[in-house]
Structure formats: C-alpha cells, structure tokens
Amino acid sequence: MIIRKIQLPLTQEQARTLRAGETVCLTGAIYTDRDAAHKRLIELLDQGKDLPIDIKDQVIYYVGPAPASPGHAVGSAGPTTSYRMDAYAPRLIELGLSGMIGKGKRDQSVIDAMKKYGAVYFGAVGGAAALISRSIIKSEVVCYEDLGSEAIHRFEIRDFPVVVLIDSEGNNLYETGPAACRALLQSEKGE
Amino acid sequence: MRQIHVSEIKEAIVDLILSASYDIPPEIEKAVVQGIDAEISDAGRSVLQQIAESYQIARAERIAICQDTGMAVFFIEIGQDVHITGGDFETAVNDAVRQAYREGYLRKSVVAEPMFHRVNTGDNTPAVIHLRIVPGEQIRILVTPKGFGSENMSRIKMFPPAAGVEGLKRFVVDTVREAGPNPCPPVIVGVGVGGTFEQAAEVAKRMTARPVGSHNADPRYAALEDELLFEINRTGIGPAGIGGAITALAVNVDFRPTHIAGMPVAVNMCCHCARHAETTI
C-alpha cells in the first residue's frame, strides 16, 4: 500500500490533489472541534465577529479526547461521528478550512462546499482510539476551556494515519468501497 | 438477611467501570482477530488490525479503549434478602461513577439537560440504572458504558403482529445498512422483540452486552440471529464502513411476552467496543 505523507498546514490547492481511497499520514498541527465548540464558532460568524482561530488551510479533527493520564500527551482520541457538524462545516470550508478528520457519512451540502472551495474529508478508525492517541505528541487547549473535552485543542500530530473518505471531486469511499464488496459477497454466496 | 455496606458496592462498581473501559471483553477481541483472516477487503483488514492493536494498547497502558467512555449504564439485580447499609443505593452508584471517571481518566460525556442548556455535569453522572429485585442475598452488577456514536443509530418500531419474522429482519438489516459507517463497524447489534415500547428497548440494550459467539437458548431465535448476521455481513459495509465482509460481529436477539395487538422491535446498535463487565457481591 502506498502511503502519502503530508506536512500540515494543507492548502485548498493541495487538498484538491487527494483522492478518495488514498491512505495518508498527516504530520503537523490540527485543531479539535466538535458539537458545542462548532456551535460557538458559527454564532460568532453570525454576529459578524472574528473566530478565535484562523482556520485557513487548517485541518479540524472531530474528537473529544479522554483526559490524559500521567505519561501521556493526550488520552484516547478517536474520531466522533461527523454528521453532527454538517450544519456548520460549509461555513468553515468557505473560510478556508481544507480538511476534516472524522468518521461517518456527510451531508450533500458539505460535499458541495468541499467541491466548490477545495477541501477533503479524512477518516480515522472509530474505536481505535488508544492506537490513534500515539500519533498525537502534544495537546493544548486553545479556547472554550469551559467545554472540557469539547474545548478546541491544538494537537501536534506525527504520522497520523487517515484514509481519504471523500475528496474534492465528490468521490466517496463510503459508496465505492461497500458497493465493490457487496457485489463480490452477493456473487460468491448468491441466493 | 445479609447486610452489605454501600462502600463495598461503591468499590466494586469503581473496579467494574475501570475494567470495562480498559479491557475489551476477550470474545470481542477474538472475533476481531478472526475477522482479520476472514475479511475480503484489504482496507477492511487494515482497519481490523488497527482495532486489534488499539485494544492491546488500551489494556497494557490502562487507557480508555474508546475516548467516548459513554454513559454509565447498569443492570443490577438485588437479592431480596439483602439489606443495604451505610447510605442510599443510588447515591453509592453515582459516587462510584464519579470516582471511576475522575481517577480513571475517562471522558465526562453527560449534560444535565438535553435541549435548552446543554451543560456538562462534569463527573459523568447520573448513571442509568436498570434494577430488579430477585431471590437470594447477593447483588449482581453489570455495567455497559455506552457511547453515542452507535447509540444514535439505534431505532425502535411498533410493528403489527402481521409483520412477522420478515418484518423484523428487514427492519434490523435496514437499520444497520442506513447507519453505514456511523456506529463504528464492525458492530454488535442488540435486538429486543416484544414486551412494551420501553421493555423492547431495555432488552435490546441488554443484548449488546451478551457475549459475542453466544446464542439465544430458544433455537428459533438462535437461528434468527445467524440469519441476521449473514444478511448484515452481505451488505458490504465492512470495518469502518469502507467496504468489507465483517460488518457485524454478532446479532443478539431476545424476546418478551407482548400484547395481542403488537410486536415492538428495538435495535440497539453498539460499536465493536461493546464494553461490559460484571460482578457479584
């Protein structure tokens, strides 16, 4: 398997070169952001205010990490289900967000924004949270500390393994991967 | 009459929560490892390998298997000849949850009110407690910490009796298919049939903690479990939903007597991290 290594930040032009199904290792800095913090960011935009982070060329990881135990930079930190951020994601992509890491299906409105502006949706393996935490070498809270695990953190990651689930052309591994296997399974064990 | 002090109950529950959060049940780990060989897709195999490796790391380093350490759900059976001393029972359970989630570096994922003002309670309380009074002088405690990636993909439907086995099968398979990648496949599917609206859901939840590889004692339901597993694993969803043959590790079904006019069916989806631990005091 060919694994493409990417140094972050990721421009929207670079994001456009990634294709659904590719395995990628990310190194650099990413922000965590999930339900409650997304809501706050969008409320700021609605009020015409600046965001507390510059998200141009950034990658957001949908995660609420477990607390770090002694000797660990972060607790277990696998992806949360992304559709809950679908109402907010297009606004952030419009502002230059180039990548999202999560798991699960996305709304067409998100895919349309990804195609229009050039963004990519990466998948990390849900429930492989202990393993994933090893690729996170530093964690600090950037804002919304009152939200606890849901605060926006800045993670430094090294060789963080992800798969491109949906690319900026709208190719979707969640459609092509299962369809290919379904055809194989149903022909093998046909009724 | 046997006296049991709340401190003993609390201690036992703290240990149970930590064990459930760090140590994947061996039969699940075995099923995932066997799945690596059985999987037809390279991508699916890679996902299962990552999951198996993650289980080992969680166990060795005493860290959470999944960052979503869930709401603390309990099934507790109290022997009617037990007298609980030293405090009230529910407080003891919630004190144990508070202590385990704090000292065990587990995520606090509970908000006090669901809609208007979602503020985190900060200690993962309150627990969800299903209680039964049974004969004897023991207390049996099962904890099933439940994450919401899969909980959100669960469904319940009040079928008419005419829907029958085919109605149930279609509903269960459709629920898994429509959930796709969201509940972190390979999943464990808990199904409750019959009872009332809430009883079907409770049975389905209880079934997510029945060991992978076990079957319903009723051969009709055991056969149904196998048929459902076969159908689900033909959907092609696969590990992490990116394609493969291992979409579910188990389908566990149980039933309750129901009304002449109904056939409730509840499907409680659970990710592969179907954490549970139990003890008897």
# chains A, B, ... in the order shown; residues from 1 in each chain; ligands from 1

call {"tool": "residues_around", "arguments": {"residues": "B:Asn252", "least_positions_apart": "3", "cutoff": "10 Å", "atoms": "only C-alpha atoms", "output": "list in words"}}
result
Ile188, Val189, Gly190, Val191, Gly192, Ala204, Lys205, Arg206, Met207, Thr208, Ala209, Arg210, Pro211, Val212, Gly213, Ser214, His215, Asn216, Tyr221, Ala222, Leu224, Glu225, Asp226, Leu228, Leu229, Leu249, Val267 and Asn268 of chain B

call {"tool": "residues_around", "arguments": {"residues": "B:Arg177", "least_positions_apart": "2", "cutoff": "8 Å", "atoms": "only C-alpha atoms", "output": "CSV table (one decimal) with N, CA and C atoms, in the first residue's frame"}}
result
chain,number,residue,atom,x,y,z
B,173,VAL,N,-31.9,-5.3,9.4
B,173,VAL,CA,-30.8,-5.1,8.3
B,173,VAL,C,-30.8,-3.7,7.8
B,174,ASP,N,-32.1,-3.1,7.6
B,174,ASP,CA,-32.1,-1.7,7.1
B,174,ASP,C,-31.5,-0.8,8.1
B,175,THR,N,-31.7,-1.0,9.4
B,175,THR,CA,-31.1,-0.2,10.4
B,175,THR,C,-29.6,-0.2,10.3
B,179,ALA,N,-27.3,3.0,8.9
B,179,ALA,CA,-26.3,3.5,9.8
B,179,ALA,C,-24.9,3.5,9.1
B,180,GLY,N,-24.7,2.6,8.2
B,180,GLY,CA,-23.4,2.5,7.4
B,180,GLY,C,-22.2,2.7,8.3
B,232,ILE,N,-26.5,-9.2,7.3
B,232,ILE,CA,-25.8,-7.9,7.6
B,232,ILE,C,-24.4,-8.0,7.0
B,235,THR,N,-24.0,-6.9,3.3
B,235,THR,CA,-24.2,-5.6,2.9
B,235,THR,C,-23.0,-4.9,2.3
B,237,ILE,N,-20.8,-3.3,3.9
B,237,ILE,CA,-20.4,-2.1,4.6
B,237,ILE,C,-18.9,-2.2,5.2

call {"tool": "closest_residue", "arguments": {"among": "B:Ile156, B:Val119, B:Ile281, B:Ala127", "to": "chain A", "atoms": "only C-alpha atoms"}}
result
B:Val119

call {"tool": "interface_residues", "arguments": {"of": "chain B", "to": "chain A", "cutoff": "6 Å", "atoms": "only C-alpha atoms", "output": "PyMOL selection string"}}
result
chain B and resi 51+54+58+64-67+105-107+149+181-182+184+234-237+242-244

call {"tool": "atom_distance", "arguments": {"atom1": "atom CA of A:Phe122", "atom2": "atom CA of A:Tyr61"}}
result
9.1 Å

call {"tool": "residues_around", "arguments": {"residues": "A:Ser98", "least_positions_apart": "5", "cutoff": "7 Å", "atoms": "only C-alpha atoms", "output": "ChimeraX atom specification"}}
result
/A:10-12,15,57-59,93,118-120

call {"tool": "write_last_selection", "arguments": {"atoms": "N, CA and C atoms", "output": "PDB file, in the first residue's frame"}}
result
ATOM      1  N   LEU A  10      -2.409  22.418   5.245  1.00  0.00           N
ATOM      2  CA  LEU A  10      -2.805  21.882   3.947  1.00  0.00           C
ATOM      3  C   LEU A  10      -3.584  22.972   3.202  1.00  0.00           C
ATOM      4  N   THR A  11      -3.054  23.403   2.053  1.00  0.00           N
ATOM      5  CA  THR A  11      -3.804  24.422   1.314  1.00  0.00           C
ATOM      6  C   THR A  11      -4.972  23.763   0.570  1.00  0.00           C
ATOM      7  N   GLN A  12      -5.938  24.567   0.178  1.00  0.00           N
ATOM      8  CA  GLN A  12      -7.065  24.000  -0.565  1.00  0.00           C
ATOM      9  C   GLN A  12      -6.599  23.473  -1.926  1.00  0.00           C
ATOM     10  N   ALA A  15      -5.284  20.122  -1.126  1.00  0.00           N
ATOM     11  CA  ALA A  15      -6.407  19.241  -0.804  1.00  0.00           C
ATOM     12  C   ALA A  15      -7.031  18.679  -2.084  1.00  0.00           C
ATOM     13  N   ASP A  57      -6.501  27.021   5.621  1.00  0.00           N
ATOM     14  CA  ASP A  57      -5.529  25.939   5.372  1.00  0.00           C
ATOM     15  C   ASP A  57      -5.403  24.955   6.545  1.00  0.00           C
ATOM     16  N   GLN A  58      -6.349  24.986   7.452  1.00  0.00           N
ATOM     17  CA  GLN A  58      -6.251  24.105   8.623  1.00  0.00           C
ATOM     18  C   GLN A  58      -7.088  22.834   8.447  1.00  0.00           C
ATOM     19  N   VAL A  59      -6.740  21.862   9.272  1.00  0.00           N
ATOM     20  CA  VAL A  59      -7.497  20.610   9.341  1.00  0.00           C
ATOM     21  C   VAL A  59      -8.125  20.526  10.722  1.00  0.00           C
ATOM     22  N   ILE A  93     -15.543  25.757   5.651  1.00  0.00           N
ATOM     23  CA  ILE A  93     -14.844  25.439   4.397  1.00  0.00           C
ATOM     24  C   ILE A  93     -14.751  26.705   3.541  1.00  0.00           C
ATOM     25  N   GLY A 118     -12.531  23.352  -2.414  1.00  0.00           N
ATOM     26  CA  GLY A 118     -11.342  22.506  -2.358  1.00  0.00           C
ATOM     27  C   GLY A 118     -11.053  22.083  -0.935  1.00  0.00           C
ATOM     28  N   ALA A 119     -11.709  21.030  -0.494  1.00  0.00           N
ATOM     29  CA  ALA A 119     -11.464  20.507   0.858  1.00  0.00           C
ATOM     30  C   ALA A 119     -11.620  19.000   0.798  1.00  0.00           C
ATOM     31  N   VAL A 120     -11.097  18.343   1.809  1.00  0.00           N
ATOM     32  CA  VAL A 120     -11.070  16.894   1.799  1.00  0.00           C
ATOM     33  C   VAL A 120     -11.559  16.378   3.155  1.00  0.00           C
TER      34      VAL A 120
END

call {"tool": "select_by_dssp", "arguments": {"residues": "chain A", "states": "strand (DSSP E or B)", "output": "ChimeraX atom specification"}}
result
/A:3-7,23-32,59-61,81,99-103,120-123,136-143,152-166,172

call {"tool": "residues_around", "arguments": {"residues": "B:Arg275", "least_positions_apart": "3", "cutoff": "10 Å", "atoms": "only C-alpha atoms", "output": "list in words"}}
result
Ile17, Ser19, Ala20, Ser21, Tyr22, Asp23, Ile24, Pro25, Ile28, Ile65, Cys66, Thr69, Gly70, Val143, Thr144, Pro145, Lys146, Gly147, Thr208, Ala209, Cys270, Cys271 and His272 of chain B

call {"tool": "decode", "arguments": {"residues": "stretch 150-192 of chain B", "atoms": "N, CA and C atoms", "output": "CSV table (one decimal), in the first residue's frame"}}
result
chain,number,residue,atom,x,y,z
B,150,SER,N,-22.8,5.0,18.3
B,150,SER,CA,-23.7,3.9,17.9
B,150,SER,C,-25.1,4.0,18.5
B,151,GLU,N,-25.2,4.6,19.7
B,151,GLU,CA,-26.5,4.8,20.4
B,151,GLU,C,-27.4,5.6,19.4
B,152,ASN,N,-26.8,6.6,18.8
B,152,ASN,CA,-27.6,7.5,17.9
B,152,ASN,C,-28.1,6.8,16.7
B,153,MET,N,-27.6,5.6,16.4
B,153,MET,CA,-28.0,4.9,15.2
B,153,MET,C,-29.1,3.8,15.5
B,154,SER,N,-29.5,3.8,16.8
B,154,SER,CA,-30.5,2.8,17.2
B,154,SER,C,-31.9,3.2,16.9
B,155,ARG,N,-32.8,2.2,16.7
B,155,ARG,CA,-34.2,2.5,16.3
B,155,ARG,C,-35.1,1.6,17.0
B,156,ILE,N,-36.4,2.1,17.1
B,156,ILE,CA,-37.4,1.2,17.7
B,156,ILE,C,-38.7,1.4,16.8
B,157,LYS,N,-39.4,0.3,16.6
B,157,LYS,CA,-40.6,0.4,15.8
B,157,LYS,C,-41.7,-0.5,16.4
B,158,MET,N,-42.9,0.0,16.4
B,158,MET,CA,-44.0,-0.8,16.9
B,158,MET,C,-44.7,-1.4,15.7
B,159,PHE,N,-44.3,-2.7,15.4
B,159,PHE,CA,-44.9,-3.4,14.3
B,159,PHE,C,-46.2,-4.1,14.6
B,160,PRO,N,-47.1,-4.2,13.7
B,160,PRO,CA,-48.3,-5.1,13.9
B,160,PRO,C,-47.8,-6.5,13.8
B,161,PRO,N,-48.5,-7.4,14.5
B,161,PRO,CA,-48.1,-8.8,14.5
B,161,PRO,C,-47.9,-9.4,13.1
B,162,ALA,N,-48.7,-8.9,12.1
B,162,ALA,CA,-48.6,-9.5,10.8
B,162,ALA,C,-47.2,-9.3,10.2
B,163,ALA,N,-46.4,-8.3,10.7
B,163,ALA,CA,-45.1,-8.1,10.1
B,163,ALA,C,-44.2,-9.3,10.2
B,164,GLY,N,-44.4,-10.0,11.3
B,164,GLY,CA,-43.7,-11.3,11.5
B,164,GLY,C,-42.2,-11.3,11.4
B,165,VAL,N,-41.6,-12.4,11.1
B,165,VAL,CA,-40.1,-12.6,11.1
B,165,VAL,C,-39.5,-11.7,10.0
B,166,GLU,N,-40.2,-11.7,8.8
B,166,GLU,CA,-39.7,-10.9,7.7
B,166,GLU,C,-39.7,-9.5,8.0
B,167,GLY,N,-40.7,-9.0,8.7
B,167,GLY,CA,-40.7,-7.6,9.0
B,167,GLY,C,-39.6,-7.2,9.9
B,168,LEU,N,-39.3,-8.1,10.9
B,168,LEU,CA,-38.2,-7.8,11.8
B,168,LEU,C,-36.9,-7.8,11.1
B,169,LYS,N,-36.7,-8.8,10.2
B,169,LYS,CA,-35.4,-9.0,9.5
B,169,LYS,C,-35.1,-7.7,8.7
B,170,ARG,N,-36.1,-7.3,8.0
B,170,ARG,CA,-35.9,-6.1,7.1
B,170,ARG,C,-35.6,-4.9,7.9
B,171,PHE,N,-36.3,-4.8,9.1
B,171,PHE,CA,-36.0,-3.6,9.9
B,171,PHE,C,-34.6,-3.6,10.5
B,172,VAL,N,-34.2,-4.8,10.9
B,172,VAL,CA,-32.8,-4.9,11.5
B,172,VAL,C,-31.8,-4.6,10.5
B,173,VAL,N,-31.9,-5.3,9.4
B,173,VAL,CA,-30.8,-5.1,8.3
B,173,VAL,C,-30.8,-3.7,7.8
B,174,ASP,N,-32.1,-3.1,7.6
B,174,ASP,CA,-32.1,-1.7,7.1
B,174,ASP,C,-31.5,-0.8,8.1
B,175,THR,N,-31.7,-1.0,9.4
B,175,THR,CA,-31.1,-0.2,10.4
B,175,THR,C,-29.6,-0.2,10.3
B,176,VAL,N,-29.0,-1.3,10.1
B,176,VAL,CA,-27.6,-1.5,10.0
B,176,VAL,C,-27.1,-0.8,8.7
B,177,ARG,N,-27.8,-1.0,7.6
B,177,ARG,CA,-27.4,-0.5,6.3
B,177,ARG,C,-27.5,1.0,6.3
B,178,GLU,N,-28.6,1.6,6.9
B,178,GLU,CA,-28.7,3.0,6.9
B,178,GLU,C,-27.7,3.7,7.8
B,179,ALA,N,-27.3,3.0,8.9
B,179,ALA,CA,-26.3,3.5,9.8
B,179,ALA,C,-24.9,3.5,9.1
B,180,GLY,N,-24.7,2.6,8.2
B,180,GLY,CA,-23.4,2.5,7.4
B,180,GLY,C,-22.2,2.7,8.3
B,181,PRO,N,-21.4,3.7,8.0
B,181,PRO,CA,-20.1,3.8,8.8
B,181,PRO,C,-20.3,4.4,10.2
B,182,ASN,N,-21.4,5.1,10.4
B,182,ASN,CA,-21.5,5.9,11.6
B,182,ASN,C,-21.3,5.2,12.9
B,183,PRO,N,-21.8,4.0,13.2
B,183,PRO,CA,-21.7,3.4,14.5
B,183,PRO,C,-20.4,2.7,14.8
B,184,CYS,N,-19.4,2.9,13.9
B,184,CYS,CA,-18.1,2.2,14.1
B,184,CYS,C,-18.2,0.7,13.9
B,185,PRO,N,-18.5,0.3,12.7
B,185,PRO,CA,-18.5,-1.2,12.4
B,185,PRO,C,-17.1,-1.7,12.5
B,186,PRO,N,-16.9,-3.0,12.8
B,186,PRO,CA,-17.9,-4.0,13.0
B,186,PRO,C,-18.7,-3.8,14.3
B,187,VAL,N,-20.0,-3.9,14.1
B,187,VAL,CA,-20.9,-3.6,15.2
B,187,VAL,C,-21.4,-4.9,15.9
B,188,ILE,N,-22.0,-4.6,17.1
B,188,ILE,CA,-22.8,-5.7,17.8
B,188,ILE,C,-24.2,-5.2,17.8
B,189,VAL,N,-25.1,-6.0,17.3
B,189,VAL,CA,-26.5,-5.5,17.2
B,189,VAL,C,-27.3,-6.2,18.3
B,190,GLY,N,-27.9,-5.4,19.1
B,190,GLY,CA,-28.8,-5.9,20.2
B,190,GLY,C,-30.2,-5.7,19.7
B,191,VAL,N,-31.0,-6.8,19.8
B,191,VAL,CA,-32.4,-6.7,19.3
B,191,VAL,C,-33.3,-7.2,20.4
B,192,GLY,N,-34.3,-6.3,20.7
B,192,GLY,CA,-35.4,-6.7,21.7
B,192,GLY,C,-36.7,-6.8,20.9
